[in-house]
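For reference, my_file_12.cif is printed below; it contains mmCIF, C-alpha atoms.
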data_model
loop_
_atom_site.group_PDB
_atom_site.id
_atom_site.type_symbol
_atom_site.label_atom_id
_atom_site.label_comp_id
_atom_site.auth_asym_id
_atom_site.auth_seq_id
_atom_site.Cartn_x
_atom_site.Cartn_y
_atom_site.Cartn_z
ATOM 1 C CA MET A 7 169.893 104.667 149.342
ATOM 2 C CA THR A 8 168.438 107.975 150.307
ATOM 3 C CA THR A 9 167.886 110.565 147.583
ATOM 4 C CA VAL A 10 168.661 114.087 148.592
ATOM 5 C CA GLN A 11 166.549 116.711 146.879
ATOM 6 C CA ILE A 12 167.856 120.222 146.516
ATOM 7 C CA ALA A 13 165.199 122.802 147.190
ATOM 8 C CA PRO A 14 164.848 125.639 144.705
ATOM 9 C CA GLU A 15 166.355 128.960 145.600
ATOM 10 C CA ALA A 16 164.216 131.173 147.745
ATOM 11 C CA PRO A 17 163.312 134.569 146.406
ATOM 12 C CA GLY A 18 165.833 136.136 148.754
ATOM 13 C CA ALA A 19 168.649 133.720 147.932
ATOM 14 C CA PRO A 20 171.987 135.303 147.048
ATOM 15 C CA VAL A 21 172.863 135.670 143.389
ATOM 16 C CA THR A 22 176.215 135.181 141.706
ATOM 17 C CA ALA A 23 178.769 137.954 141.501
ATOM 18 C CA ALA A 24 178.383 138.155 137.729
ATOM 19 C CA ALA A 25 174.605 138.521 137.961
ATOM 20 C CA THR A 26 175.005 141.162 140.653
ATOM 21 C CA GLY A 27 177.529 143.037 138.510
ATOM 22 C CA PHE A 28 175.241 143.121 135.497
ATOM 23 C CA ARG A 29 172.312 144.150 137.663
ATOM 24 C CA LEU A 30 174.311 147.056 139.083
ATOM 25 C CA ALA A 31 175.469 147.995 135.576
ATOM 26 C CA ALA A 32 171.875 147.988 134.309
ATOM 27 C CA ARG A 33 170.824 150.182 137.225
ATOM 28 C CA ARG A 34 173.638 152.644 136.566
ATOM 29 C CA PHE A 35 172.783 152.691 132.874
ATOM 30 C CA ARG A 36 169.123 153.504 133.616
ATOM 31 C CA HIS A 37 170.227 156.483 135.685
ATOM 32 C CA ASN A 38 172.246 157.888 132.765
ATOM 33 C CA THR A 39 169.649 160.058 131.050
ATOM 34 C CA LEU A 40 171.716 160.734 127.943
ATOM 35 C CA ALA A 41 172.447 157.027 127.426
ATOM 36 C CA VAL A 42 168.773 156.087 127.833
ATOM 37 C CA ILE A 43 167.763 158.771 125.312
ATOM 38 C CA GLY A 44 170.439 157.465 122.934
ATOM 39 C CA LEU A 45 169.124 153.924 123.259
ATOM 40 C CA GLY A 46 165.602 155.178 122.563
ATOM 41 C CA VAL A 47 166.794 157.000 119.443
ATOM 42 C CA VAL A 48 168.552 153.846 118.192
ATOM 43 C CA VAL A 49 165.391 151.780 118.726
ATOM 44 C CA VAL A 50 163.248 154.354 116.902
ATOM 45 C CA ILE A 51 165.654 154.488 113.947
ATOM 46 C CA VAL A 52 165.801 150.683 113.721
ATOM 47 C CA LEU A 53 161.993 150.474 113.724
ATOM 48 C CA PHE A 54 161.829 153.272 111.159
ATOM 49 C CA CYS A 55 164.197 151.471 108.774
ATOM 50 C CA PHE A 56 162.973 147.898 109.169
ATOM 51 C CA VAL A 57 159.276 148.300 109.985
ATOM 52 C CA GLY A 58 158.661 151.592 108.174
ATOM 53 C CA PRO A 59 158.653 150.112 104.617
ATOM 54 C CA PHE A 60 155.699 147.899 105.585
ATOM 55 C CA VAL A 61 153.744 150.906 106.864
ATOM 56 C CA TYR A 62 154.834 153.278 104.079
ATOM 57 C CA PRO A 63 155.524 151.076 100.998
ATOM 58 C CA THR A 64 157.276 152.709 98.035
ATOM 59 C CA ASP A 65 158.902 151.573 94.796
ATOM 60 C CA GLN A 66 162.656 152.022 95.148
ATOM 61 C CA VAL A 67 163.642 150.019 92.051
ATOM 62 C CA HIS A 68 161.844 151.506 89.051
ATOM 63 C CA THR A 69 162.391 155.104 87.974
ATOM 64 C CA GLN A 70 159.468 157.508 87.525
ATOM 65 C CA LEU A 71 160.838 160.523 85.683
ATOM 66 C CA SER A 72 157.405 162.151 85.524
ATOM 67 C CA GLU A 73 157.578 162.566 89.316
ATOM 68 C CA ALA A 74 161.209 163.641 89.570
ATOM 69 C CA ASN A 75 162.320 166.421 91.927
ATOM 70 C CA LEU A 76 158.896 167.007 93.486
ATOM 71 C CA GLY A 77 158.769 168.856 96.774
ATOM 72 C CA PRO A 78 157.215 167.484 99.970
ATOM 73 C CA SER A 79 153.478 166.893 99.641
ATOM 74 C CA ASP A 80 150.727 164.587 100.856
ATOM 75 C CA ALA A 81 151.680 162.053 98.180
ATOM 76 C CA HIS A 82 155.405 162.227 98.951
ATOM 77 C CA LEU A 83 156.020 163.386 102.507
ATOM 78 C CA LEU A 84 159.685 164.204 101.852
ATOM 79 C CA GLY A 85 159.441 164.792 98.119
ATOM 80 C CA THR A 86 161.161 162.790 95.378
ATOM 81 C CA ASP A 87 164.699 162.593 93.991
ATOM 82 C CA ALA A 88 166.060 163.068 90.472
ATOM 83 C CA VAL A 89 164.633 159.763 89.199
ATOM 84 C CA GLY A 90 161.273 159.931 90.966
ATOM 85 C CA HIS A 91 162.022 157.784 94.018
ATOM 86 C CA ASP A 92 160.130 158.739 97.164
ATOM 87 C CA VAL A 93 162.742 160.225 99.516
ATOM 88 C CA LEU A 94 161.090 159.041 102.727
ATOM 89 C CA GLY A 95 160.936 155.478 101.452
ATOM 90 C CA ARG A 96 164.495 155.729 100.179
ATOM 91 C CA LEU A 97 165.576 156.986 103.592
ATOM 92 C CA MET A 98 164.144 153.792 105.103
ATOM 93 C CA TYR A 99 165.783 151.480 102.580
ATOM 94 C CA GLY A 100 169.080 153.374 102.729
ATOM 95 C CA GLY A 101 169.033 153.260 106.501
ATOM 96 C CA ARG A 102 168.474 149.517 106.388
ATOM 97 C CA VAL A 103 171.668 149.076 104.351
ATOM 98 C CA SER A 104 173.641 151.500 106.541
ATOM 99 C CA LEU A 105 172.538 149.823 109.768
ATOM 100 C CA LEU A 106 173.039 146.277 108.495
ATOM 101 C CA VAL A 107 176.511 147.032 107.181
ATOM 102 C CA GLY A 108 177.437 149.061 110.264
ATOM 103 C CA ILE A 109 176.239 146.473 112.777
ATOM 104 C CA ALA A 110 177.719 143.509 110.903
ATOM 105 C CA ALA A 111 181.048 145.265 110.303
ATOM 106 C CA GLY A 112 181.188 146.464 113.921
ATOM 107 C CA VAL A 113 180.540 142.958 115.238
ATOM 108 C CA LEU A 114 183.114 141.459 112.861
ATOM 109 C CA ALA A 115 185.733 144.040 113.869
ATOM 110 C CA THR A 116 185.031 143.396 117.557
ATOM 111 C CA VAL A 117 185.274 139.612 117.167
ATOM 112 C CA VAL A 118 188.556 139.767 115.247
ATOM 113 C CA GLY A 119 189.996 142.399 117.592
ATOM 114 C CA THR A 120 188.907 140.450 120.675
ATOM 115 C CA LEU A 121 190.557 137.234 119.535
ATOM 116 C CA TRP A 122 193.734 139.000 118.419
ATOM 117 C CA GLY A 123 194.059 141.110 121.570
ATOM 118 C CA SER A 124 193.275 138.287 123.992
ATOM 119 C CA VAL A 125 195.839 135.956 122.402
ATOM 120 C CA ALA A 126 198.507 138.667 122.328
ATOM 121 C CA GLY A 127 197.899 139.739 125.916
ATOM 122 C CA TYR A 128 197.700 136.212 127.293
ATOM 123 C CA LEU A 129 200.783 134.760 125.589
ATOM 124 C CA GLY A 130 202.919 137.871 126.052
ATOM 125 C CA GLY A 131 206.601 137.901 125.221
ATOM 126 C CA TRP A 132 207.748 137.969 121.605
ATOM 127 C CA VAL A 133 204.309 136.828 120.391
ATOM 128 C CA ASP A 134 202.699 139.877 121.964
ATOM 129 C CA ALA A 135 205.426 142.153 120.580
ATOM 130 C CA VAL A 136 205.019 140.890 117.007
ATOM 131 C CA MET A 137 201.212 140.912 117.079
ATOM 132 C CA MET A 138 200.996 144.413 118.505
ATOM 133 C CA ARG A 139 203.562 145.802 116.059
ATOM 134 C CA ILE A 140 201.258 144.575 113.308
ATOM 135 C CA VAL A 141 198.418 146.456 115.003
ATOM 136 C CA ASP A 142 200.528 149.619 115.311
ATOM 137 C CA ALA A 143 201.438 149.439 111.632
ATOM 138 C CA GLY A 144 197.784 149.039 110.681
ATOM 139 C CA ILE A 145 196.682 151.969 112.842
ATOM 140 C CA ALA A 146 199.320 154.174 111.179
ATOM 141 C CA ILE A 147 197.522 153.749 107.837
ATOM 142 C CA PRO A 148 194.220 155.710 107.683
ATOM 143 C CA ALA A 149 191.252 153.372 107.330
ATOM 144 C CA LEU A 150 189.583 155.698 104.829
ATOM 145 C CA PHE A 151 192.648 155.518 102.560
ATOM 146 C CA ILE A 152 192.532 151.704 102.607
ATOM 147 C CA LEU A 153 188.815 151.772 101.839
ATOM 148 C CA LEU A 154 189.312 154.103 98.900
ATOM 149 C CA VAL A 155 192.067 151.928 97.427
ATOM 150 C CA ILE A 156 190.031 148.746 97.785
ATOM 151 C CA SER A 157 186.876 150.379 96.454
ATOM 152 C CA ALA A 158 188.796 151.710 93.443
ATOM 153 C CA ILE A 159 190.000 148.186 92.631
ATOM 154 C CA THR A 160 186.662 146.444 93.076
ATOM 155 C CA THR A 161 182.988 147.367 93.410
ATOM 156 C CA PRO A 162 181.870 145.903 96.723
ATOM 157 C CA GLY A 163 178.332 144.852 97.512
ATOM 158 C CA VAL A 164 176.808 144.761 100.967
ATOM 159 C CA ALA A 165 178.715 141.616 101.989
ATOM 160 C CA GLY A 166 181.932 143.033 100.556
ATOM 161 C CA LEU A 167 181.536 146.270 102.502
ATOM 162 C CA VAL A 168 180.990 144.316 105.717
ATOM 163 C CA VAL A 169 184.183 142.305 105.247
ATOM 164 C CA ILE A 170 186.262 145.301 104.167
ATOM 165 C CA LEU A 171 185.062 147.537 107.005
ATOM 166 C CA GLY A 172 185.458 144.755 109.550
ATOM 167 C CA LEU A 173 189.021 144.024 108.485
ATOM 168 C CA VAL A 174 190.126 147.667 108.691
ATOM 169 C CA SER A 175 188.349 148.409 111.997
ATOM 170 C CA TRP A 176 189.521 145.618 114.334
ATOM 171 C CA LEU A 177 192.762 147.312 115.366
ATOM 172 C CA VAL A 178 191.444 149.558 118.145
ATOM 173 C CA PRO A 179 189.351 146.815 119.841
ATOM 174 C CA SER A 180 192.396 144.530 119.819
ATOM 175 C CA ARG A 181 194.379 147.040 121.870
ATOM 176 C CA LEU A 182 191.530 147.463 124.355
ATOM 177 C CA ILE A 183 191.099 143.713 124.837
ATOM 178 C CA ARG A 184 194.857 143.185 125.117
ATOM 179 C CA ALA A 185 195.027 145.731 127.937
ATOM 180 C CA GLU A 186 192.139 143.992 129.701
ATOM 181 C CA THR A 187 193.761 140.587 129.213
ATOM 182 C CA LEU A 188 197.044 141.775 130.709
ATOM 183 C CA THR A 189 195.249 142.608 133.952
ATOM 184 C CA LEU A 190 193.158 139.423 134.033
ATOM 185 C CA LYS A 191 195.801 136.809 133.227
ATOM 186 C CA ASN A 192 197.493 137.304 136.614
ATOM 187 C CA ARG A 193 194.303 136.681 138.596
ATOM 188 C CA ASP A 194 194.251 133.688 140.932
ATOM 189 C CA TYR A 195 191.759 131.643 138.928
ATOM 190 C CA VAL A 196 193.865 131.928 135.758
ATOM 191 C CA LEU A 197 197.103 131.118 137.584
ATOM 192 C CA THR A 198 195.442 128.113 139.202
ATOM 193 C CA LEU A 199 194.230 126.816 135.850
ATOM 194 C CA ARG A 200 197.713 127.123 134.394
ATOM 195 C CA ALA A 201 199.241 125.412 137.452
ATOM 196 C CA ILE A 202 197.039 122.338 137.041
ATOM 197 C CA GLY A 203 197.894 122.035 133.359
ATOM 198 C CA GLY A 204 194.914 123.796 131.770
ATOM 199 C CA SER A 205 195.308 124.713 128.111
ATOM 200 C CA HIS A 206 195.773 128.242 126.844
ATOM 201 C CA ALA A 207 192.578 127.963 124.809
ATOM 202 C CA ARG A 208 190.599 127.058 127.936
ATOM 203 C CA ALA A 209 192.117 129.928 129.902
ATOM 204 C CA ILE A 210 191.180 132.402 127.165
ATOM 205 C CA GLY A 211 187.748 130.950 126.337
ATOM 206 C CA LYS A 212 186.536 130.098 129.844
ATOM 207 C CA HIS A 213 188.053 132.840 131.955
ATOM 208 C CA LEU A 214 189.572 135.784 130.107
ATOM 209 C CA LEU A 215 186.876 136.451 127.494
ATOM 210 C CA PRO A 216 183.857 136.023 129.842
ATOM 211 C CA ASN A 217 185.458 138.442 132.311
ATOM 212 C CA SER A 218 186.155 140.929 129.512
ATOM 213 C CA VAL A 219 182.547 141.016 128.307
ATOM 214 C CA SER A 220 181.963 144.562 129.556
ATOM 215 C CA THR A 221 184.932 145.896 127.580
ATOM 216 C CA ILE A 222 183.847 143.883 124.530
ATOM 217 C CA VAL A 223 180.284 145.247 124.627
ATOM 218 C CA VAL A 224 181.469 148.844 124.948
ATOM 219 C CA ALA A 225 183.992 148.375 122.121
ATOM 220 C CA ALA A 226 181.326 146.841 119.883
ATOM 221 C CA THR A 227 179.011 149.819 120.424
ATOM 222 C CA PHE A 228 181.655 152.317 119.334
ATOM 223 C CA GLN A 229 182.720 150.107 116.428
ATOM 224 C CA VAL A 230 179.177 150.054 115.038
ATOM 225 C CA ALA A 231 179.033 153.866 115.160
ATOM 226 C CA ASP A 232 182.424 154.140 113.446
ATOM 227 C CA ALA A 233 181.413 151.597 110.777
ATOM 228 C CA ILE A 234 178.239 153.552 109.944
ATOM 229 C CA LEU A 235 180.348 156.687 109.500
ATOM 230 C CA LEU A 236 182.834 154.837 107.273
ATOM 231 C CA VAL A 237 179.972 153.522 105.130
ATOM 232 C CA ALA A 238 178.713 157.084 104.743
ATOM 233 C CA TYR A 239 182.203 158.318 103.801
ATOM 234 C CA VAL A 240 182.764 155.676 101.136
ATOM 235 C CA SER A 241 179.269 155.939 99.693
ATOM 236 C CA TYR A 242 179.460 159.726 99.646
ATOM 237 C CA LEU A 243 182.481 159.373 97.367
ATOM 238 C CA GLY A 244 180.479 157.066 95.097
ATOM 239 C CA LEU A 245 182.346 153.889 96.060
ATOM 240 C CA GLY A 246 179.676 152.190 98.175
ATOM 241 C CA VAL A 247 176.744 149.993 97.170
ATOM 242 C CA GLN A 248 175.597 150.538 93.618
ATOM 243 C CA PRO A 249 172.112 151.617 92.398
ATOM 244 C CA PRO A 250 169.318 150.777 92.711
ATOM 245 C CA ALA A 251 170.563 149.945 96.221
ATOM 246 C CA THR A 252 171.610 152.906 98.341
ATOM 247 C CA ASP A 253 172.528 153.992 101.837
ATOM 248 C CA TRP A 254 172.553 157.299 103.658
ATOM 249 C CA GLY A 255 175.988 158.235 102.327
ATOM 250 C CA GLY A 256 174.867 157.522 98.774
ATOM 251 C CA MET A 257 171.792 159.689 99.300
ATOM 252 C CA LEU A 258 174.010 162.528 100.514
ATOM 253 C CA SER A 259 176.217 162.194 97.457
ATOM 254 C CA ALA A 260 173.254 162.122 95.060
ATOM 255 C CA GLY A 261 171.559 165.097 96.696
ATOM 256 C CA LEU A 262 174.569 167.376 97.122
ATOM 257 C CA THR A 263 174.262 169.233 93.805
ATOM 258 C CA ALA A 264 170.486 169.421 94.107
ATOM 259 C CA ALA A 265 170.819 171.154 97.468
ATOM 260 C CA TYR A 266 172.270 174.209 95.734
ATOM 261 C CA SER A 267 169.011 174.408 93.777
ATOM 262 C CA GLY A 268 166.958 174.604 96.955
ATOM 263 C CA ARG A 269 165.912 170.934 97.083
ATOM 264 C CA TRP A 270 166.863 170.565 100.742
ATOM 265 C CA TRP A 271 164.813 167.385 101.174
ATOM 266 C CA LEU A 272 167.425 165.429 99.204
ATOM 267 C CA ILE A 273 170.292 166.083 101.604
ATOM 268 C CA LEU A 274 168.923 167.171 104.992
ATOM 269 C CA PRO A 275 167.074 163.923 105.977
ATOM 270 C CA PRO A 276 169.978 161.494 105.327
ATOM 271 C CA GLY A 277 172.443 163.905 106.915
ATOM 272 C CA LEU A 278 170.340 164.181 110.066
ATOM 273 C CA ALA A 279 169.856 160.409 110.122
ATOM 274 C CA VAL A 280 173.620 159.778 110.104
ATOM 275 C CA ILE A 281 174.214 162.383 112.813
ATOM 276 C CA LEU A 282 171.408 161.056 115.003
ATOM 277 C CA VAL A 283 172.346 157.382 114.859
ATOM 278 C CA VAL A 284 176.074 158.002 115.394
ATOM 279 C CA CYS A 285 175.497 160.403 118.301
ATOM 280 C CA ALA A 286 172.964 158.003 119.828
ATOM 281 C CA LEU A 287 175.346 155.034 119.584
ATOM 282 C CA ASN A 288 178.163 157.082 121.100
ATOM 283 C CA ALA A 289 175.864 158.072 123.970
ATOM 284 C CA VAL A 290 174.949 154.416 124.529
ATOM 285 C CA GLY A 291 178.639 153.474 124.436
ATOM 286 C CA ASP A 292 179.501 156.157 126.993
ATOM 287 C CA GLY A 293 176.647 154.965 129.193
ATOM 288 C CA LEU A 294 177.781 151.344 129.005
ATOM 289 C CA ARG A 295 181.365 152.320 129.771
ATOM 290 C CA ASP A 296 180.272 154.255 132.861
ATOM 291 C CA ALA A 297 177.887 151.475 133.916
ATOM 292 C CA PHE A 298 180.575 148.782 133.782
ATOM 293 C CA ASP A 299 183.281 150.965 135.326
ATOM 294 C CA VAL A 300 183.864 149.379 138.726
ATOM 295 C CA ARG A 301 185.806 152.424 139.891
ATOM 296 C CA GLY A 302 182.560 154.421 139.766
ATOM 297 C CA ARG A 303 180.596 152.027 141.948
#
For this file, produce the structure as structure tokens.
Amino acid sequence: MTTVQIAPEAPGAPVTAAATGFRLAARRFRHNTLAVIGLGVVVVIVLFCFVGPFVYPTDQVHTQLSEANLGPSDAHLLGTDAVGHDVLGRLMYGGRVSLLVGIAAGVLATVVGTLWGSVAGYLGGWVDAVMMRIVDAGIAIPALFILLVISAITTPGVAGLVVILGLVSWLVPSRLIRAETLTLKNRDYVLTLRAIGGSHARAIGKHLLPNSVSTIVVAATFQVADAILLVAYVSYLGLGVQPPATDWGGMLSAGLTAAYSGRWWLILPPGLAVILVVCALNAVGDGLRDAFDVRGR
């Protein structure tokens, strides 16, 4: 019996359509200057929050009232707050909480919305009608109002904030994925799978979701930005993580009254951090949306 050996692909061998699509998307993304700058800002902020505490260690647990409300100096580059915490170090630790909660909540919202929207769009009929009416009812209620009610009932920690934000933010991604599913479920490869008796779960998991990855990635990027803003809103109202933990919204809330006394270093840095990271993520999301938009190719 003769063994046939398959030679490895030559450097010039053709690549799959999916690989070609992602390569074209990456090329289009690199040519979007604003999106590249946004990605660079996100990387810098992530390094600042997660690597910065090792380079610039500070005590963010114990109070030091003898060093309270000091202005920027060589010892404290951004001054200190009302209990003596170094503001620069607190900005790093607060950013770590804001980013962790925002990313985790954004991913959770995208996962839940993707599953809900793909099932609704694929099954159609009365199932789609009922599922999407639930989504419409949820969108009609402001997410911030739901967060305030839940936060007034309980005091959420980091994990609690992730779950709460994720469960109030999945509605918009579900509508996006449903719309994508409605266009994909009538493609030949899906119809063929259904004709040969393939299960609904296989059609969704093996065909619809992989071909919706561009929409999912773009939705996740915007959801992370929205989650970071929601964390800032809730914490600004004093309903976020509790001291000694903090986030950028909590720093804004704590520094608001001090700003009227001229202590700008308590409110300007966290405010700029929130604006920068949200604008950068929105720029990345816009860049990804344009990169994956086949109508622009």
Open item on the list: Report, in Å to a single decimal, how far apart atom CA of A:Trp176 and atom CA of A:Leu214 are.
Closed with: 18.6 Å
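Picked out by the PyMOL selection byres ((chain A and resi 105) around 9) when it runs on this file: Val52, Cys55, Gly100, Gly101, Arg102, Val103, Ser104, Leu106, Val107, Gly108, Ile109, Ala110, Val230, Ile234 and Asp253 of chain A.
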Could you save the residues just selected, with C-alpha atoms, as a PDB file, in the coordinates of the input?
ATOM      1  CA  VAL A  52     165.801 150.683 113.721  1.00  0.00           C
ATOM      2  CA  CYS A  55     164.197 151.471 108.774  1.00  0.00           C
ATOM      3  CA  GLY A 100     169.080 153.374 102.729  1.00  0.00           C
ATOM      4  CA  GLY A 101     169.033 153.260 106.501  1.00  0.00           C
ATOM      5  CA  ARG A 102     168.474 149.517 106.388  1.00  0.00           C
ATOM      6  CA  VAL A 103     171.668 149.076 104.351  1.00  0.00           C
ATOM      7  CA  SER A 104     173.641 151.500 106.541  1.00  0.00           C
ATOM      8  CA  LEU A 106     173.039 146.277 108.495  1.00  0.00           C
ATOM      9  CA  VAL A 107     176.511 147.032 107.181  1.00  0.00           C
ATOM     10  CA  GLY A 108     177.437 149.061 110.264  1.00  0.00           C
ATOM     11  CA  ILE A 109     176.239 146.473 112.777  1.00  0.00           C
ATOM     12  CA  ALA A 110     177.719 143.509 110.903  1.00  0.00           C
ATOM     13  CA  VAL A 230     179.177 150.054 115.038  1.00  0.00           C
ATOM     14  CA  ILE A 234     178.239 153.552 109.944  1.00  0.00           C
ATOM     15  CA  ASP A 253     172.528 153.992 101.837  1.00  0.00           C
TER      16      ASP A 253
END
If you count all atoms listed in the file, which residues fall within 8 Å of A:Val224, apart from same-chain ones fewer than 6 positions away, as a tab-separated table (two decimals) with C-alpha atoms, keeping the file's coordinate frame?
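Final output, around_8.tsv:
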chain	number	residue	atom	x	y	z
A	291	GLY	CA	178.64	153.47	124.44
A	292	ASP	CA	179.50	156.16	126.99
A	294	LEU	CA	177.78	151.34	129.00
A	295	ARG	CA	181.36	152.32	129.77
Task: Which of A:Trp254, A:Tyr239, A:Phe228, A:Trp122 sits closest to A:Gly293 [using all atoms listed in the file] - done: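 The answer is A:Phe228, which sits nearest to A:Gly293.
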TODO: Apply the PyMOL selection byres ((chain A and resi 145-161) around 12) to the file shown and report the selected residues as number ranges by chain.
DONE: A: 138-144, 162-181, 232-233, 235-249
Task: Using all atoms listed in the file: which of A:Leu282, A:Leu71, A:Leu258, A:Ile222 has the shortest distance to A:Val118 - done: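 So, comparing all the options, the nearest one is A:Ile222.
Relative to atom CA of A:Val283, atom CA of A:Val48 is found at 6.2 Å.
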Task: A:Gln66, A:Gln229, A:Thr189, A:Asn288 ranked by distance to A:Gly127, top pick (using all atoms listed in the file) - done: A:Thr189
Task: One-decimal distance in Å that lies between atom CA of A:Leu215 and atom CA of A:Val117 - done: 10.9 Å
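Shortest atom-to-atom contact with A:Val136 among A:Thr116, A:Pro216, A:Ser267, A:Gly123: A:Gly123, counting all atoms listed in the file.
Candidate residues A:Arg208, A:Ala81, A:Ala88, A:Ile281 were compared for distance to A:Val47, and the nearest is A:Ile281, using all atoms listed in the file.
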Specify the axis-aligned box that encloses all atoms of stretch 77-91 of chain A listed in the file after padding of 8 Å on each side, stating its centre and edge lengths in Å to one decimal as lines of an AutoDock Vina configuration file.
center_x = 158.4
center_y = 163.3
center_z = 95.9
size_x = 31.3
size_y = 27.1
size_z = 29.3
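For the structure shown here, the set of residues caught by the PyMOL selection byres ((chain A and resi 70) around 9) is His68, Thr69, Leu71, Ser72, Glu73, Ala74, Val89, Gly90 and His91 of chain A.
When the distance limit is 12 Å and only C-alpha atoms are what count, the residues near A:Arg36, minus those fewer than 3 positions from it on the same chain, are Arg29, Leu30, Ala31, Ala32, Arg33, Thr39, Leu40, Ala41, Val42, Ile43, Gly44, Leu45, Gly46, Val290, Gly293, Leu294, Asp296 and Ala297 of chain A.
Residue nearest A:Tyr128, chosen from A:Arg269, A:Lys191, A:Arg34, A:Lys212 and counting all atoms listed in the file: A:Lys191.
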